[in-house]
Amino acid sequence: MGDQKTVLIVEDEKNIVDILRFNLQREGYRTCEAYDGEAGLAQAQTERPDLILLDVMLPKCSGFDVCRRLREQGDNVPVIILTAREEEADKVLGLEIGADDYITKPFSMRELIARVGANIRRTAMTPPAASAAAAAAMPVSGELSINTDSHQVFRAGKAIDLTQREYELLTFLASHPNKVYSRVDLMEQVWNYGYVGDDVRTVDVTVRRLREKIEVDPANPVYILTRRGAGYYFAV
């Protein structure tokens, strides 16, 4: 199977790794495993997985550190953080440093598999040279343009490094200009989650991260605007 997706499991509890490996392989994924943060980072670099399941509490190097270092190296692989504690601070920190999603232990296997599916890259392709991609990018507003073939975003012709989730949020809002979406709408449309609960913070953090990357002045955004009490919209 040429397009088989690889999931890297970074988790120090062997029984959890075994359960995850069994269920992911049954769903058709290839898996690789690491039992501490340093090994996880090394595997991420050698295996080039399509998605990483990353436990927070790891020996040698925490899941947060692993994620931070991957993002600093420009690796935008989707990362789902596994956290044992229902702590809002953990979730927000995970998202702040570039994780795409988090799931709290104990989790149902069905929910985990659904989240893996929702976060795995739709396309695994090598982007064309930046100049060619920039030339083929469609202007969406002001200096911002998007090349939907290569999944790259440019501001004034310069490529901006977005995670898959940030890219999807931006393209969704930009393809419905001036239409306001509530956080719950966005969780359903962009995150593909039918169960939302308190996860709406995820949307706020992702919007903030996106603004820091695409806006000249994130405090005074011109692209992604907030309509108080209603939600977010892409201004044109």
# chains A, B, ... in the order shown; residues from 1 in each chain; ligands from 1
>>> residues_around(residues="range 38-46 of chain A", least_positions_apart="6", cutoff="9 Å", atoms="only C-alpha atoms", output="mmCIF file with N, CA and C atoms, in the first residue's frame")
data_model
loop_
_atom_site.group_PDB
_atom_site.id
_atom_site.type_symbol
_atom_site.label_atom_id
_atom_site.label_comp_id
_atom_site.auth_asym_id
_atom_site.auth_seq_id
_atom_site.Cartn_x
_atom_site.Cartn_y
_atom_site.Cartn_z
ATOM 1 N N LEU A 8 3.480 7.842 14.521
ATOM 2 C CA LEU A 8 4.519 7.649 15.532
ATOM 3 C C LEU A 8 3.870 7.805 16.911
ATOM 4 N N ILE A 9 4.026 6.767 17.745
ATOM 5 C CA ILE A 9 3.473 6.795 19.103
ATOM 6 C C ILE A 9 4.626 7.068 20.071
ATOM 7 N N VAL A 10 4.551 8.179 20.791
ATOM 8 C CA VAL A 10 5.594 8.497 21.774
ATOM 9 C C VAL A 10 4.927 8.460 23.150
ATOM 10 N N GLU A 11 5.173 7.391 23.867
ATOM 11 C CA GLU A 11 4.424 7.109 25.101
ATOM 12 C C GLU A 11 5.256 6.150 25.933
ATOM 13 N N CYS A 32 5.116 3.327 14.396
ATOM 14 C CA CYS A 32 6.437 3.174 15.000
ATOM 15 C C CYS A 32 6.320 3.760 16.403
ATOM 16 N N ILE A 52 1.865 12.335 14.791
ATOM 17 C CA ILE A 52 2.512 11.894 16.028
ATOM 18 C C ILE A 52 1.504 11.947 17.177
ATOM 19 N N LEU A 54 1.570 12.047 21.001
ATOM 20 C CA LEU A 54 2.667 12.450 21.880
ATOM 21 C C LEU A 54 2.187 12.610 23.318
ATOM 22 N N PRO A 59 9.857 10.422 29.955
ATOM 23 C CA PRO A 59 11.230 10.522 30.466
ATOM 24 C C PRO A 59 12.107 11.322 29.490
ATOM 25 N N LYS A 60 13.160 11.900 30.007
ATOM 26 C CA LYS A 60 14.225 12.583 29.252
ATOM 27 C C LYS A 60 13.842 13.929 28.649
ATOM 28 N N CYS A 61 12.617 14.045 28.141
ATOM 29 C CA CYS A 61 12.266 15.270 27.425
ATOM 30 C C CYS A 61 10.754 15.242 27.295
ATOM 31 N N SER A 62 10.048 16.246 27.852
ATOM 32 C CA SER A 62 8.585 16.182 27.884
ATOM 33 C C SER A 62 7.988 16.286 26.485
ATOM 34 N N GLY A 63 6.732 15.852 26.396
ATOM 35 C CA GLY A 63 6.026 15.958 25.120
ATOM 36 C C GLY A 63 5.978 17.397 24.622
ATOM 37 N N VAL A 66 9.279 18.140 23.001
ATOM 38 C CA VAL A 66 9.385 17.461 21.702
ATOM 39 C C VAL A 66 8.640 18.264 20.638
ATOM 40 N N CYS A 67 7.411 18.644 20.973
ATOM 41 C CA CYS A 67 6.582 19.386 20.017
ATOM 42 C C CYS A 67 7.225 20.728 19.680
ATOM 43 N N ARG A 69 10.338 21.583 19.812
ATOM 44 C CA ARG A 69 11.544 21.432 19.004
ATOM 45 C C ARG A 69 11.217 21.074 17.558
ATOM 46 N N LEU A 70 10.211 20.235 17.360
ATOM 47 C CA LEU A 70 9.796 19.902 15.990
ATOM 48 C C LEU A 70 9.365 21.162 15.249
ATOM 49 N N ASP A 75 9.142 21.537 11.220
ATOM 50 C CA ASP A 75 8.404 20.315 10.926
ATOM 51 C C ASP A 75 6.941 20.526 11.308
ATOM 52 N N VAL A 77 4.408 18.379 10.957
ATOM 53 C CA VAL A 77 3.646 17.132 11.091
ATOM 54 C C VAL A 77 2.515 17.327 12.114
#
>>> residues_around(residues="Phe22 in chain A", least_positions_apart="6", cutoff="12 Å", atoms="only C-alpha atoms", output="PyMOL selection string")
chain A and resi 7+9+15-16+28-33+109+113
>>> closest_residue(among="A:Ala136, A:Ile81, A:Val180, A:Ile224", to="Gln152 in chain A", atoms="only C-alpha atoms")
A:Ala136
>>> closest_residue(among="A:Gly229, A:Thr163, A:Ala114, A:Ile120", to="Glu72 in chain A", atoms="only C-alpha atoms")
A:Thr163
>>> atom_distance(atom1="CA of Thr6 in chain A", atom2="CA of Ala34 in chain A")
13.5 Å
>>> residues_around(residues="Glu212 in chain A", least_positions_apart="3", cutoff="12 Å", atoms="only C-alpha atoms", output="count of residues only")
20
>>> closest_residue(among="A:Asn23, A:Thr202, A:Gln189, A:Gln4", to="Arg110 in chain A", atoms="only C-alpha atoms")
A:Asn23
>>> select_by_dssp(residues="range 65-101 of chain A", states="strand (DSSP E or B)", output="list of chain:residue names")
A:Val79, A:Ile80, A:Ile81, A:Leu82, A:Thr83, A:Asp101
>>> closest_residue(among="A:Leu210, A:Ala137, A:Arg155, A:Tyr102", to="Arg115 in chain A", atoms="only C-alpha atoms")
A:Tyr102
>>> residues_around(residues="range 172-176 of chain A", least_positions_apart="4", cutoff="9 Å", atoms="only C-alpha atoms", output="PyMOL selection string")
chain A and resi 140-141+167-168+180-181+186+189-190+223-224+232-236
>>> residues_around(residues="Val116 in chain A", least_positions_apart="5", cutoff="10 Å", atoms="only C-alpha atoms", output="list of chain:residue names")
A:Val7, A:Leu24, A:Asp50, A:Leu51, A:Ile52, A:Leu53, A:Pro78, A:Val79, A:Ile80, A:Asp101, A:Arg110, A:Glu111, A:Arg121
>>> atom_distance(atom1="CA of Asp55 in chain A", atom2="CA of Thr171 in chain A")
29.4 Å
>>> atom_distance(atom1="CA of Ser182 in chain A", atom2="CA of Lys213 in chain A")
21.7 Å
>>> select_by_dssp(residues="range 21-107 of chain A", states="alpha helix (DSSP H)", output="ChimeraX atom specification")
/A:21-26,37-47,63-72,88-96
